[in-house]
Amino acid sequence: MDVDTSLANTSHRSGPGSNELVPSRYAVQVGDIDVLVVSDGVLPLPTAMLAHNIDPAVRATWLKDMFLPPDAYDWALNVVVVRSGDRTILVDAGLGLDPDLHLPRAGQLIKRLEAAGIDLASVTDVVLTHMHMDHIGGLLVEGVKEQLRPDLRIHVAAAEVKFWEAPDFSHVAMPPGFPDALRSTAKRFVKEYRRQLRTFEKEYEVAPGVVVTRTGGHTPGHSVVRVASGGDRLTFAGDLVFAVGFEHPDWYNGFEHDPEESARVRINLLRELAETGGLLVATHLPFPSVGHVAVDGDAFRWVPVFWDY
């Protein structure tokens with residue numbers, strides 16, 4: 001996409017992938033800032049990953065109530081493109097390719113950006129919520145780096161880069177193969193993109209109205225991106241909130257490296273969003289994952305927005 005082309009307009013352009021039966025991008029206007037949610041696909045994962053600190057029968061009841069299969073279901077994988085002023089910001093980069101893990105329905109980001117009319121050379125900044133492989137792998141796809149501009153800035157918390165030098169998997173509950181894949185992908189990413197990395201400690205304003213803030217929890221350097229313009233607010237929460245996290249914010253997700261801290265951060269974020277009424281988008285909420293948070297007794301309730309056609 002040319003930098004003077006609105007993301008809102010690109011969401012309706014034809015091109016490769018335009019014959020998809022299910023739309024893979026959704027445009028949101030946040031004041032003067034354009035936001036485009038893009039689906040990288042879905043990850044079929046065991047339902048046990050939803051919570052490893054509760055009775056399996058309780059988890060099974062929740063799945064049944066949600067009309068979800070008992071053993072495995074498709075986790076959405078969402079990425080966001082933000083246009084603020086002359087900056088085009090890619091927030092996370094999807095899975096890329098990892099054939100050993102048998103996840104062929106994800107890793108669609110690059111072709112879907114092309115279908116949306118977004119030229120990789122127009123991306124001025126990348127923000128990584130964290131360095132799990134389903135957030136960085138798209139930049140490791142063959143031929144992608146050569147299409148990116150040489151002055152690209154990749155913003156990530158310093159604590160995240162430090163963590164992946166010797167990552168701790170002692171508190172996770174991942175399927176076999178995932179820890180090794182996560183470790184090797186993060187190591188390869190830092191090697192490939194070290195010159196482009198721009199680390200921050202707690203908070204950094206990437207562009208006017210676009211601020212990335214380290215929260216920790218899911219990983220030590222996990223961050224959220226807040227977009228604000230003209231009184232409108234949207235938060236991209238990365239992996240802090242999963243589909244079950246509204247009703248049961250204290251359930252430990254299998255990919256959380258510090259589950260107790262993740263639950264604390266998740267509850268604080270959901271309280272904030274319920275109070276402010278701002279929009280929430282998250283990596284693994286069902287596409288397009290745009291909605292509000294409401295308080296529901298001692299927990300919360302997800303209120304998806306009506307699609308704006």
# chains A, B, ... in the order shown; residues from 1 in each chain; ligands from 1
$ closest_atom_pairs --of "range 215-304 of chain A" --to "range 55-60 of chain A" --cutoff "12 Å" --atoms "only C-alpha atoms" --output "JSON lines"
{"residue": "A:Val244", "atom": "CA", "partner": "A:Arg59", "partner_atom": "CA", "distance": 9.5}
{"residue": "A:Glu247", "atom": "CA", "partner": "A:Arg59", "partner_atom": "CA", "distance": 11.8}
{"residue": "A:His248", "atom": "CA", "partner": "A:Arg59", "partner_atom": "CA", "distance": 10.2}
{"residue": "A:Trp251", "atom": "CA", "partner": "A:Arg59", "partner_atom": "CA", "distance": 9.5}
{"residue": "A:Tyr252", "atom": "CA", "partner": "A:Arg59", "partner_atom": "CA", "distance": 11.5}
{"residue": "A:Asn253", "atom": "CA", "partner": "A:Arg59", "partner_atom": "CA", "distance": 11.9}
$ residues_around --residues "range 25-30 of chain A" --least-positions-apart "4" --cutoff "10 Å" --atoms "only C-alpha atoms" --output "ChimeraX atom specification"
/A:6-12,34-40,78-82,84,112-113,115-116,209,227-234,279,287-290,307-309
$ atom_distance --atom1 "CA of Ala157 in chain A" --atom2 "CA of Arg214 in chain A"
6.5 Å
$ residues_around --residues "Pro167 in chain A" --least-positions-apart "3" --cutoff "10 Å" --atoms "only C-alpha atoms" --output "PyMOL selection string"
chain A and resi 160-164+170+179+182-183+186+219-220+257
$ atom_distance --atom1 "CA of Leu240 in chain A" --atom2 "CA of Glu260 in chain A"
12.0 Å
$ residues_around --residues "Arg264 in chain A" --least-positions-apart "3" --cutoff "9 Å" --atoms "only C-alpha atoms" --output "JSON, numbers by chain"
{"A": [217, 249, 250, 259, 260, 261, 267, 268, 269]}
$ atom_distance --atom1 "CA of Val303 in chain A" --atom2 "CA of Asp65 in chain A"
17.1 Å
$ select_by_dssp --residues "range 132-274 of chain A" --states "helix (DSSP H, G or I)" --output "MDAnalysis selection string"
chainID A and resid 133:140 144:147 158:163 178:196 243:245 259:274
$ residues_around --residues "Val212 in chain A" --least-positions-apart "4" --cutoff "10 Å" --atoms "only C-alpha atoms" --output "compact mmCIF listing (two decimals) with all heavy atoms, in the first residue's frame"
# COMPACT_ATOMS: atom_id res chain seq x y z
N VAL A 91 1.57 -4.58 13.69
CA VAL A 91 1.64 -5.07 15.06
C VAL A 91 1.55 -6.59 15.02
O VAL A 91 0.50 -7.16 14.73
CB VAL A 91 0.52 -4.49 15.93
CG1 VAL A 91 0.65 -4.98 17.37
CG2 VAL A 91 0.53 -2.96 15.88
N VAL A 127 5.72 -3.54 15.54
CA VAL A 127 5.67 -3.67 17.00
C VAL A 127 5.40 -5.14 17.32
O VAL A 127 4.47 -5.74 16.77
CB VAL A 127 4.57 -2.79 17.62
CG1 VAL A 127 4.47 -3.04 19.13
CG2 VAL A 127 4.85 -1.31 17.35
N LEU A 128 6.20 -5.71 18.20
CA LEU A 128 6.00 -7.09 18.63
C LEU A 128 5.43 -7.09 20.04
O LEU A 128 6.05 -6.55 20.96
CB LEU A 128 7.32 -7.85 18.61
CG LEU A 128 8.03 -7.93 17.25
CD1 LEU A 128 9.35 -8.66 17.40
CD2 LEU A 128 7.16 -8.59 16.20
N THR A 129 4.25 -7.69 20.21
CA THR A 129 3.71 -7.81 21.56
C THR A 129 4.59 -8.74 22.38
O THR A 129 4.75 -8.55 23.59
CB THR A 129 2.27 -8.32 21.56
OG1 THR A 129 2.22 -9.62 20.95
CG2 THR A 129 1.35 -7.37 20.83
N HIS A 155 10.01 -2.62 17.12
CA HIS A 155 9.94 -2.22 18.52
C HIS A 155 9.53 -3.41 19.38
O HIS A 155 8.51 -4.06 19.12
CB HIS A 155 8.93 -1.08 18.70
CG HIS A 155 9.18 0.08 17.77
ND1 HIS A 155 10.12 1.05 18.03
CD2 HIS A 155 8.64 0.40 16.56
CE1 HIS A 155 10.12 1.95 17.04
NE2 HIS A 155 9.24 1.55 16.14
N VAL A 156 10.31 -3.68 20.41
CA VAL A 156 10.03 -4.80 21.31
C VAL A 156 10.63 -4.45 22.67
O VAL A 156 11.65 -3.76 22.76
CB VAL A 156 10.62 -6.11 20.75
CG1 VAL A 156 12.13 -6.02 20.58
CG2 VAL A 156 10.25 -7.30 21.61
N ALA A 157 10.00 -4.91 23.73
CA ALA A 157 10.49 -4.63 25.07
C ALA A 157 11.86 -5.27 25.27
O ALA A 157 12.11 -6.41 24.86
CB ALA A 157 9.51 -5.15 26.11
N PHE A 200 12.66 -0.96 24.18
CA PHE A 200 12.21 0.02 25.16
C PHE A 200 12.05 -0.67 26.50
O PHE A 200 11.93 -1.90 26.58
CB PHE A 200 10.89 0.67 24.71
CG PHE A 200 9.75 -0.31 24.59
CD1 PHE A 200 8.88 -0.52 25.65
CD2 PHE A 200 9.53 -1.01 23.41
CE1 PHE A 200 7.84 -1.43 25.55
CE2 PHE A 200 8.48 -1.91 23.30
CZ PHE A 200 7.63 -2.12 24.37
N LYS A 202 9.72 0.43 29.37
CA LYS A 202 8.34 0.34 29.87
C LYS A 202 7.31 0.79 28.83
O LYS A 202 6.27 0.15 28.65
CB LYS A 202 8.18 1.17 31.14
CG LYS A 202 6.77 1.17 31.73
CD LYS A 202 6.29 -0.23 32.11
CE LYS A 202 4.88 -0.20 32.67
NZ LYS A 202 4.36 -1.56 32.95
N GLU A 203 7.61 1.89 28.13
CA GLU A 203 6.60 2.45 27.22
C GLU A 203 7.30 3.23 26.13
O GLU A 203 8.35 3.85 26.35
CB GLU A 203 5.64 3.35 28.01
CG GLU A 203 4.43 3.83 27.24
CD GLU A 203 3.42 4.49 28.16
OE1 GLU A 203 2.59 3.76 28.75
OE2 GLU A 203 3.47 5.73 28.29
N TYR A 204 6.67 3.21 24.93
CA TYR A 204 7.25 3.96 23.82
C TYR A 204 6.15 4.39 22.87
O TYR A 204 5.26 3.60 22.52
CB TYR A 204 8.27 3.10 23.07
CG TYR A 204 8.94 3.82 21.92
CD1 TYR A 204 9.90 4.79 22.17
CD2 TYR A 204 8.60 3.54 20.60
CE1 TYR A 204 10.51 5.47 21.12
CE2 TYR A 204 9.20 4.20 19.55
CZ TYR A 204 10.16 5.17 19.82
OH TYR A 204 10.76 5.85 18.79
N GLU A 205 6.18 5.67 22.45
CA GLU A 205 5.23 6.18 21.48
C GLU A 205 5.79 5.94 20.09
O GLU A 205 6.74 6.60 19.66
CB GLU A 205 4.94 7.67 21.70
CG GLU A 205 3.83 8.17 20.77
CD GLU A 205 3.44 9.62 21.03
OE1 GLU A 205 4.36 10.43 21.29
OE2 GLU A 205 2.24 9.94 20.96
N VAL A 206 5.20 4.99 19.38
CA VAL A 206 5.69 4.60 18.07
C VAL A 206 5.35 5.65 17.02
O VAL A 206 6.12 5.93 16.11
CB VAL A 206 5.10 3.24 17.67
CG1 VAL A 206 5.62 2.78 16.31
CG2 VAL A 206 5.42 2.19 18.73
N ALA A 207 4.16 6.23 17.15
CA ALA A 207 3.66 7.27 16.24
C ALA A 207 2.62 8.05 17.02
O ALA A 207 2.18 7.62 18.10
CB ALA A 207 3.06 6.64 14.99
N SER A 223 3.76 -7.02 25.72
CA SER A 223 3.31 -5.63 25.65
C SER A 223 1.95 -5.52 24.99
O SER A 223 1.54 -6.42 24.23
CB SER A 223 4.33 -4.78 24.86
OG SER A 223 5.62 -4.86 25.44
N VAL A 224 1.26 -4.43 25.27
CA VAL A 224 0.01 -4.11 24.57
C VAL A 224 0.22 -2.83 23.79
O VAL A 224 1.12 -2.03 24.10
CB VAL A 224 -1.18 -3.97 25.54
CG1 VAL A 224 -1.37 -5.24 26.35
CG2 VAL A 224 -1.00 -2.77 26.47
N VAL A 225 -0.60 -2.63 22.78
CA VAL A 225 -0.54 -1.41 21.97
C VAL A 225 -1.84 -0.66 22.13
O VAL A 225 -2.92 -1.21 21.87
CB VAL A 225 -0.28 -1.74 20.49
CG1 VAL A 225 -0.27 -0.45 19.66
CG2 VAL A 225 1.03 -2.50 20.33
N ARG A 226 -1.76 0.59 22.56
CA ARG A 226 -2.93 1.44 22.73
C ARG A 226 -2.96 2.49 21.62
O ARG A 226 -1.96 3.17 21.37
CB ARG A 226 -2.93 2.11 24.10
CG ARG A 226 -3.16 1.13 25.26
CD ARG A 226 -3.22 1.88 26.59
NE ARG A 226 -3.62 1.00 27.69
CZ ARG A 226 -2.77 0.28 28.43
NH1 ARG A 226 -1.47 0.35 28.17
NH2 ARG A 226 -3.22 -0.48 29.41
N VAL A 227 -4.12 2.59 20.98
CA VAL A 227 -4.32 3.55 19.89
C VAL A 227 -5.37 4.55 20.37
O VAL A 227 -6.45 4.15 20.82
CB VAL A 227 -4.79 2.84 18.61
CG1 VAL A 227 -5.02 3.84 17.49
CG2 VAL A 227 -3.78 1.76 18.19
N THR A 235 -7.37 -0.92 22.15
CA THR A 235 -6.21 -1.60 22.71
C THR A 235 -6.02 -2.94 22.04
O THR A 235 -6.96 -3.75 21.97
CB THR A 235 -6.38 -1.82 24.23
OG1 THR A 235 -6.48 -0.56 24.89
CG2 THR A 235 -5.20 -2.60 24.81
N PHE A 236 -4.82 -3.17 21.50
CA PHE A 236 -4.47 -4.50 21.00
C PHE A 236 -3.74 -5.20 22.13
O PHE A 236 -2.64 -4.82 22.52
CB PHE A 236 -3.60 -4.41 19.76
CG PHE A 236 -3.27 -5.77 19.17
CD1 PHE A 236 -4.25 -6.51 18.52
CD2 PHE A 236 -2.00 -6.31 19.29
CE1 PHE A 236 -3.97 -7.76 17.99
CE2 PHE A 236 -1.71 -7.56 18.76
CZ PHE A 236 -2.70 -8.29 18.11
$ select_by_dssp --residues "range 18-90 of chain A" --states "strand (DSSP E)" --output "VMD selection string"
chain A and resid 25 to 30 33 to 46 72 to 84 87 to 90
$ residues_around --residues "Gln147 in chain A" --least-positions-apart "5" --cutoff "10 Å" --atoms "only C-alpha atoms" --output "JSON, numbers by chain"
{"A": [119, 120, 121, 122, 123]}
$ closest_residue --among "A:Leu270, A:Ala181, A:Leu95, A:Val172" --to "Ala76 in chain A" --atoms "only C-alpha atoms"
A:Leu95
$ closest_residue --among "A:Leu50, A:Ile33, A:Leu197, A:Ala237" --to "Gly216 in chain A" --atoms "only C-alpha atoms"
A:Ala237
